[in-house]
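File shown: my_file_28.pdb (PDB, C-alpha atoms, pLDDT in the B column).
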```
ATOM      1  CA  MET A   1       0.000   0.000   0.000  1.00 37.00           C
ATOM      2  CA  LEU A   2       1.167   3.447  -0.852  1.00 36.00           C
ATOM      3  CA  THR A   3       0.573   6.548   1.199  1.00 38.00           C
ATOM      4  CA  ARG A   4       0.613   9.903  -0.546  1.00 36.00           C
ATOM      5  CA  PRO A   5       0.660  13.435   0.858  1.00 35.00           C
ATOM      6  CA  THR A   6      -2.307  15.580  -0.078  1.00 38.00           C
ATOM      7  CA  GLY A   7      -0.939  19.098  -0.051  1.00 35.00           C
ATOM      8  CA  ASN A   8      -2.415  21.417   2.553  1.00 32.00           C
ATOM      9  CA  ARG A   9      -5.090  18.934   3.531  1.00 37.00           C
ATOM     10  CA  GLY A  10      -2.766  16.749   5.617  1.00 42.00           C
ATOM     11  CA  HIS A  11      -0.837  13.538   5.219  1.00 39.00           C
ATOM     12  CA  MET A  12      -0.753  10.092   6.755  1.00 45.00           C
ATOM     13  CA  ARG A  13       1.156   9.401   9.946  1.00 47.00           C
ATOM     14  CA  GLU A  14       1.221   6.506  12.374  1.00 48.00           C
ATOM     15  CA  ASP A  15       0.279   7.041  15.986  1.00 47.00           C
ATOM     16  CA  ALA A  16       1.863   5.212  18.939  1.00 50.00           C
ATOM     17  CA  THR A  17      -0.208   2.091  18.212  1.00 46.00           C
ATOM     18  CA  GLY A  18       0.819   1.991  14.541  1.00 47.00           C
ATOM     19  CA  ARG A  19      -2.606   3.136  13.326  1.00 44.00           C
ATOM     20  CA  ARG A  20      -2.541   5.299  10.189  1.00 47.00           C
ATOM     21  CA  GLN A  21      -3.900   8.785  10.786  1.00 46.00           C
ATOM     22  CA  PRO A  22      -4.095  11.808   8.536  1.00 49.00           C
ATOM     23  CA  GLY A  23      -2.238  14.793   9.950  1.00 49.00           C
ATOM     24  CA  GLY A  24      -4.518  16.788  12.216  1.00 48.00           C
ATOM     25  CA  THR A  25      -5.885  16.707  15.724  1.00 52.00           C
ATOM     26  CA  GLY A  26      -8.899  14.410  15.344  1.00 58.00           C
ATOM     27  CA  ASN A  27      -8.754  10.757  16.210  1.00 86.00           C
ATOM     28  CA  TYR A  28     -11.990   9.657  14.517  1.00 96.00           C
ATOM     29  CA  LEU A  29     -10.907   8.115  11.204  1.00 97.00           C
ATOM     30  CA  ILE A  30     -13.260   7.740   8.240  1.00 98.00           C
ATOM     31  CA  VAL A  31     -12.134   5.822   5.151  1.00 98.00           C
ATOM     32  CA  ALA A  32     -13.904   6.765   1.909  1.00 97.00           C
ATOM     33  CA  GLY A  33     -13.733   4.799  -1.345  1.00 95.00           C
ATOM     34  CA  VAL A  34     -13.185   7.023  -4.397  1.00 93.00           C
ATOM     35  CA  ASP A  35     -13.354   5.678  -7.963  1.00 88.00           C
ATOM     36  CA  GLY A  36     -14.232   8.679 -10.114  1.00 86.00           C
ATOM     37  CA  SER A  37     -17.935   7.869 -10.179  1.00 85.00           C
ATOM     38  CA  GLU A  38     -20.745  10.068  -8.869  1.00 88.00           C
ATOM     39  CA  GLY A  39     -21.135   7.559  -6.024  1.00 87.00           C
ATOM     40  CA  GLY A  40     -17.475   7.890  -5.044  1.00 90.00           C
ATOM     41  CA  HIS A  41     -17.685  11.675  -5.171  1.00 92.00           C
ATOM     42  CA  ARG A  42     -20.798  11.737  -2.978  1.00 93.00           C
ATOM     43  CA  ALA A  43     -19.217   9.276  -0.522  1.00 94.00           C
ATOM     44  CA  LEU A  44     -16.132  11.464  -0.094  1.00 96.00           C
ATOM     45  CA  ARG A  45     -18.194  14.621   0.423  1.00 96.00           C
ATOM     46  CA  TRP A  46     -20.379  12.842   3.002  1.00 96.00           C
ATOM     47  CA  ALA A  47     -17.292  11.464   4.779  1.00 97.00           C
ATOM     48  CA  VAL A  48     -15.772  14.955   5.033  1.00 97.00           C
ATOM     49  CA  SER A  49     -19.028  16.358   6.411  1.00 95.00           C
ATOM     50  CA  GLU A  50     -19.219  13.577   9.003  1.00 96.00           C
ATOM     51  CA  ALA A  51     -15.554  14.009   9.952  1.00 96.00           C
ATOM     52  CA  ALA A  52     -16.154  17.735  10.480  1.00 94.00           C
ATOM     53  CA  ALA A  53     -19.039  16.977  12.833  1.00 94.00           C
ATOM     54  CA  ARG A  54     -16.904  14.482  14.779  1.00 94.00           C
ATOM     55  CA  HIS A  55     -13.661  16.493  14.664  1.00 93.00           C
ATOM     56  CA  GLY A  56     -12.135  13.612  12.764  1.00 95.00           C
ATOM     57  CA  THR A  57     -10.122  12.963   9.649  1.00 96.00           C
ATOM     58  CA  VAL A  58     -10.709  11.266   6.302  1.00 97.00           C
ATOM     59  CA  GLU A  59      -8.594   8.893   4.275  1.00 97.00           C
ATOM     60  CA  ALA A  60      -9.658   8.834   0.613  1.00 97.00           C
ATOM     61  CA  VAL A  61      -8.763   5.525  -1.045  1.00 97.00           C
ATOM     62  CA  ALA A  62      -8.631   4.709  -4.760  1.00 94.00           C
ATOM     63  CA  VAL A  63      -8.200   1.081  -5.825  1.00 92.00           C
ATOM     64  CA  TRP A  64      -7.120  -0.117  -9.260  1.00 85.00           C
ATOM     65  CA  ARG A  65      -6.625  -3.499 -10.946  1.00 80.00           C
ATOM     66  CA  ARG A  66      -4.527  -4.408 -13.990  1.00 75.00           C
ATOM     67  CA  ASP A  67      -6.996  -7.080 -15.100  1.00 73.00           C
ATOM     68  CA  LEU A  68      -9.918  -4.664 -15.610  1.00 64.00           C
ATOM     69  CA  PRO A  69     -10.558  -2.331 -18.540  1.00 59.00           C
ATOM     70  CA  ASP A  70      -9.243   1.137 -17.642  1.00 56.00           C
ATOM     71  CA  TYR A  71      -7.826  -0.534 -14.504  1.00 59.00           C
ATOM     72  CA  GLY A  72     -11.271  -0.226 -12.900  1.00 62.00           C
ATOM     73  CA  LEU A  73     -10.903   3.570 -12.865  1.00 63.00           C
ATOM     74  CA  ASP A  74     -13.195   6.083 -14.521  1.00 60.00           C
ATOM     75  CA  PRO A  75     -12.250   6.088 -18.228  1.00 60.00           C
ATOM     76  CA  SER A  76     -12.693   9.862 -18.389  1.00 61.00           C
ATOM     77  CA  LEU A  77      -9.462  10.171 -16.391  1.00 60.00           C
ATOM     78  CA  GLY A  78      -7.617   9.719 -19.671  1.00 60.00           C
ATOM     79  CA  PRO A  79      -4.614   7.605 -20.597  1.00 60.00           C
ATOM     80  CA  GLY A  80      -1.689   6.878 -18.337  1.00 67.00           C
ATOM     81  CA  GLU A  81      -0.354   4.462 -15.814  1.00 80.00           C
ATOM     82  CA  PRO A  82      -2.955   3.362 -13.255  1.00 80.00           C
ATOM     83  CA  GLN A  83      -1.014   4.645 -10.238  1.00 85.00           C
ATOM     84  CA  GLU A  84      -0.707   8.094 -11.827  1.00 86.00           C
ATOM     85  CA  ARG A  85      -4.362   8.133 -12.878  1.00 85.00           C
ATOM     86  CA  ALA A  86      -5.526   7.146  -9.390  1.00 89.00           C
ATOM     87  CA  ASP A  87      -3.266   9.777  -7.787  1.00 91.00           C
ATOM     88  CA  ALA A  88      -4.648  12.428 -10.143  1.00 90.00           C
ATOM     89  CA  LEU A  89      -8.205  11.347  -9.352  1.00 90.00           C
ATOM     90  CA  LEU A  90      -7.639  11.659  -5.607  1.00 94.00           C
ATOM     91  CA  ARG A  91      -5.925  15.053  -5.943  1.00 94.00           C
ATOM     92  CA  PHE A  92      -8.815  16.296  -8.093  1.00 93.00           C
ATOM     93  CA  GLU A  93     -11.489  15.056  -5.665  1.00 94.00           C
ATOM     94  CA  ILE A  94      -9.695  16.338  -2.562  1.00 95.00           C
ATOM     95  CA  ASP A  95      -9.000  19.748  -4.104  1.00 93.00           C
ATOM     96  CA  ARG A  96     -12.751  20.151  -4.814  1.00 91.00           C
ATOM     97  CA  LEU A  97     -13.715  19.674  -1.163  1.00 92.00           C
ATOM     98  CA  PRO A  98     -15.072  22.759   0.609  1.00 78.00           C
ATOM     99  CA  SER A  99     -13.822  21.776   4.047  1.00 73.00           C
ATOM    100  CA  ASP A 100     -10.787  22.248   6.243  1.00 84.00           C
ATOM    101  CA  VAL A 101     -11.090  18.653   7.485  1.00 91.00           C
ATOM    102  CA  PRO A 102      -7.743  16.864   7.087  1.00 93.00           C
ATOM    103  CA  VAL A 103      -7.967  14.456   4.146  1.00 95.00           C
ATOM    104  CA  ALA A 104      -5.219  12.003   3.276  1.00 95.00           C
ATOM    105  CA  SER A 105      -5.075   9.811   0.212  1.00 95.00           C
ATOM    106  CA  GLN A 106      -3.959   6.301  -0.516  1.00 96.00           C
ATOM    107  CA  VAL A 107      -3.777   4.395  -3.801  1.00 94.00           C
ATOM    108  CA  VAL A 108      -3.972   0.612  -3.628  1.00 94.00           C
ATOM    109  CA  GLU A 109      -3.713  -2.082  -6.285  1.00 91.00           C
ATOM    110  CA  GLY A 110      -6.066  -5.015  -5.764  1.00 91.00           C
ATOM    111  CA  ARG A 111      -9.667  -6.116  -5.551  1.00 90.00           C
ATOM    112  CA  PRO A 112     -11.663  -3.039  -4.463  1.00 90.00           C
ATOM    113  CA  ALA A 113     -13.693  -4.578  -1.624  1.00 92.00           C
ATOM    114  CA  GLU A 114     -10.718  -6.449  -0.217  1.00 94.00           C
ATOM    115  CA  ALA A 115      -8.450  -3.404  -0.421  1.00 95.00           C
ATOM    116  CA  LEU A 116     -11.008  -1.013   1.090  1.00 96.00           C
ATOM    117  CA  THR A 117     -11.840  -3.294   4.012  1.00 95.00           C
ATOM    118  CA  THR A 118      -8.134  -3.862   4.662  1.00 96.00           C
ATOM    119  CA  VAL A 119      -7.417  -0.116   4.706  1.00 96.00           C
ATOM    120  CA  ALA A 120     -10.464   0.413   6.948  1.00 97.00           C
ATOM    121  CA  ARG A 121      -9.557  -2.339   9.425  1.00 96.00           C
ATOM    122  CA  ASP A 122      -8.588   0.252  12.073  1.00 94.00           C
ATOM    123  CA  ALA A 123     -11.005   2.961  10.947  1.00 97.00           C
ATOM    124  CA  ASP A 124     -14.057   4.090  12.820  1.00 97.00           C
ATOM    125  CA  LEU A 125     -16.203   4.198   9.680  1.00 97.00           C
ATOM    126  CA  LEU A 126     -16.058   3.083   6.019  1.00 96.00           C
ATOM    127  CA  VAL A 127     -18.013   5.213   3.528  1.00 96.00           C
ATOM    128  CA  LEU A 128     -18.850   4.150  -0.032  1.00 93.00           C
ATOM    129  CA  GLY A 129     -21.118   5.269  -2.838  1.00 89.00           C
ATOM    130  CA  SER A 130     -24.056   3.024  -3.684  1.00 83.00           C
ATOM    131  CA  HIS A 131     -23.183   2.830  -7.380  1.00 70.00           C
ATOM    132  CA  GLY A 132     -19.863   2.737  -9.169  1.00 55.00           C
ATOM    133  CA  HIS A 133     -19.285   3.128 -12.871  1.00 51.00           C
ATOM    134  CA  SER A 134     -22.064   1.062 -14.452  1.00 53.00           C
ATOM    135  CA  ARG A 135     -24.821  -1.435 -13.944  1.00 54.00           C
ATOM    136  CA  VAL A 136     -22.951  -3.868 -16.221  1.00 51.00           C
ATOM    137  CA  TRP A 137     -19.990  -3.959 -13.822  1.00 48.00           C
ATOM    138  CA  GLN A 138     -22.374  -4.585 -10.930  1.00 52.00           C
ATOM    139  CA  THR A 139     -23.957  -7.486 -12.749  1.00 52.00           C
ATOM    140  CA  VAL A 140     -20.647  -9.061 -13.694  1.00 44.00           C
ATOM    141  CA  LEU A 141     -18.579  -8.323 -10.581  1.00 42.00           C
ATOM    142  CA  GLY A 142     -21.161  -7.554  -7.910  1.00 51.00           C
ATOM    143  CA  THR A 143     -21.125  -4.267  -6.076  1.00 79.00           C
ATOM    144  CA  VAL A 144     -18.112  -3.259  -4.062  1.00 84.00           C
ATOM    145  CA  ALA A 145     -20.430  -1.771  -1.440  1.00 82.00           C
ATOM    146  CA  ASP A 146     -22.259  -5.087  -0.964  1.00 84.00           C
ATOM    147  CA  GLU A 147     -19.015  -6.982  -0.461  1.00 88.00           C
ATOM    148  CA  CYS A 148     -17.573  -4.330   1.862  1.00 89.00           C
ATOM    149  CA  VAL A 149     -20.675  -4.412   4.043  1.00 86.00           C
ATOM    150  CA  ARG A 150     -20.171  -8.164   4.473  1.00 89.00           C
ATOM    151  CA  LYS A 151     -16.385  -8.024   5.086  1.00 92.00           C
ATOM    152  CA  ALA A 152     -15.735  -4.771   6.965  1.00 92.00           C
ATOM    153  CA  THR A 153     -14.685  -4.874  10.620  1.00 92.00           C
ATOM    154  CA  CYS A 154     -15.927  -1.320  11.223  1.00 96.00           C
ATOM    155  CA  PRO A 155     -19.356   0.230  10.683  1.00 94.00           C
ATOM    156  CA  GLY A 156     -20.129   1.286   7.134  1.00 93.00           C
ATOM    157  CA  VAL A 157     -22.245   3.858   5.378  1.00 93.00           C
ATOM    158  CA  VAL A 158     -23.425   3.501   1.797  1.00 91.00           C
ATOM    159  CA  VAL A 159     -24.301   6.914   0.387  1.00 91.00           C
ATOM    160  CA  PRO A 160     -27.089   6.652  -2.188  1.00 86.00           C
ATOM    161  CA  VAL A 161     -26.796   8.076  -5.665  1.00 79.00           C
ATOM    162  CA  PRO A 162     -30.089   9.481  -6.932  1.00 76.00           C
ATOM    163  CA  HIS A 163     -31.520   7.519  -9.838  1.00 67.00           C
ATOM    164  CA  ARG A 164     -31.868   9.671 -12.913  1.00 64.00           C
ATOM    165  CA  GLU A 165     -35.149   9.158 -14.640  1.00 57.00           C
ATOM    166  CA  GLU A 166     -34.907   8.611 -18.373  1.00 54.00           C
ATOM    167  CA  PRO A 167     -37.040  11.068 -20.353  1.00 55.00           C
ATOM    168  CA  ALA A 168     -40.248   9.549 -21.606  1.00 55.00           C
ATOM    169  CA  ALA A 169     -40.081   8.348 -25.186  1.00 52.00           C
ATOM    170  CA  PRO A 170     -42.017  10.539 -27.583  1.00 51.00           C
ATOM    171  CA  PRO A 171     -45.275   9.020 -28.757  1.00 48.00           C
ATOM    172  CA  ALA A 172     -45.086   7.025 -31.972  1.00 48.00           C
ATOM    173  CA  LEU A 173     -47.678   9.282 -33.591  1.00 46.00           C
ATOM    174  CA  SER A 174     -48.038  12.977 -33.084  1.00 41.00           C
ATOM    175  CA  GLU A 175     -51.151  14.239 -31.337  1.00 43.00           C
ATOM    176  CA  PRO A 176     -53.009  15.443 -34.472  1.00 43.00           C
ATOM    177  CA  ALA A 177     -52.310  12.180 -36.309  1.00 43.00           C
ATOM    178  CA  SER A 178     -53.602  10.173 -33.330  1.00 41.00           C
ATOM    179  CA  ALA A 179     -56.817  12.155 -33.309  1.00 42.00           C
ATOM    180  CA  LEU A 180     -57.294  11.561 -37.043  1.00 41.00           C
ATOM    181  CA  SER A 181     -56.576   7.844 -36.647  1.00 39.00           C
ATOM    182  CA  LEU A 182     -59.126   7.520 -33.884  1.00 41.00           C
ATOM    183  CA  ALA A 183     -61.698   9.555 -35.828  1.00 45.00           C
ATOM    184  CA  GLY A 184     -61.421   7.158 -38.759  1.00 47.00           C
ATOM    185  CA  HIS A 185     -62.193   4.135 -36.537  1.00 46.00           C
ATOM    186  CA  ARG A 186     -65.540   5.335 -35.145  1.00 43.00           C
TER     187      ARG A 186
END
```
Write-out of the structure in structure tokens:
Amino acid sequence: MLTRPTGNRGHMREDATGRRQPGGTGNYLIVAGVDGSEGGHRALRWAVSEAAARHGTVEAVAVWRRDLPDYGLDPSLGPGEPQERADALLRFEIDRLPSDVPVASQVVEGRPAEALTTVARDADLLVLGSHGHSRVWQTVLGTVADECVRKATCPGVVVPVPHREEPAAPPALSEPASALSLAGHR
């Protein structure tokens, strides 16, 4: 596992017990999974809000795998090595946060649920988005959130992503044509 500094937001340190902590004064640690999806973004924002309320800190974690298309990262991140893409994703997400809560970042290679639950083993809370990149991935691989809920040793929160309603399909016939068609069948 790799620990990366996150600029002015803090960095990881180990306390006397060997537990990883972002720099800062809080001792309530929230781990948030970030993958570039709307769910990951919402999870990180919720984690920061919760950490602020508890005077805690957040560790944002991105996980990638060589055996997945785009390494399991959002394809909109562009080309590049997976470690660099994941680092860029975390920097982007952390820089967008409106809070002064200390946020550290960590990039891990591996299976997402396994990696997230391992990183969160000493955390007080694990926060994930309810939906990752696509419904196809969920069907093929299962949801990371479902697996984390089963494997985590700390409490977890799954932040919902609102379902976007598809616009209704236009009628096959326009209104005037429908009226004429019905008039002819009387």
Report task. Would you write out, as a PyMOL selection string, every residue that the PyMOL selection byres ((chain A and resi 45-60) around 6) captures in this file? Result -> chain A and resi 26-32+42-44+61+101-105
Requested in this report: Could you check how far atom CA of Asp146 of chain A sits from atom CA of Val34 of chain A, in Å to one decimal?
Outcome: 15.5 Å
Query raised in the report: Pick from A:Val161, A:Leu116, A:Ala123, A:Leu89: nearest to Asp35 of chain A, with all atoms listed in the file counted?
Result: A:Leu89
Query raised in the report: With distances taken over all atoms listed in the file, which of A:Val119, A:Glu81, A:Pro98, A:Arg91 is nearest to Gly33 of chain A?
Result: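 Under the stated criterion, the closest residue is A:Val119.
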Query raised in the report: Could you name the residues that touch Ala115 of chain A at 12 Å or less, counting only C-alpha atoms, but leaving out those on the same chain fewer than 2 positions away, as a list in words?
Result: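 Residues meeting the cut-off are Met1, Leu2, Val31, Ala32, Gly33, Val61, Ala62, Val63, Trp64, Arg65, Gln106, Val107, Val108, Glu109, Gly110, Arg111, Pro112, Ala113, Thr117, Thr118, Val119, Ala120, Arg121, Leu126, Val144, Glu147, Cys148, Lys151 and Ala152 of chain A.
Interatomic distance, atom CA of Asp122 of chain A against atom CA of Cys154 of chain A: 7.6 Å.
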Requested in this report: Enter the distance from atom CA of Gly39 of chain A to atom CA of Arg150 of chain A, in Å, rounded to one decimal.
Outcome: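 Pair atom CA of Gly39 of chain A / atom CA of Arg150 of chain A returns 18.9 Å.
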Query - Selection under test: the PyMOL selection byres ((chain A and resi 129) around 6); residues as a PyMOL selection string - result: chain A and resi 39-40+43+128+130-131+158-159
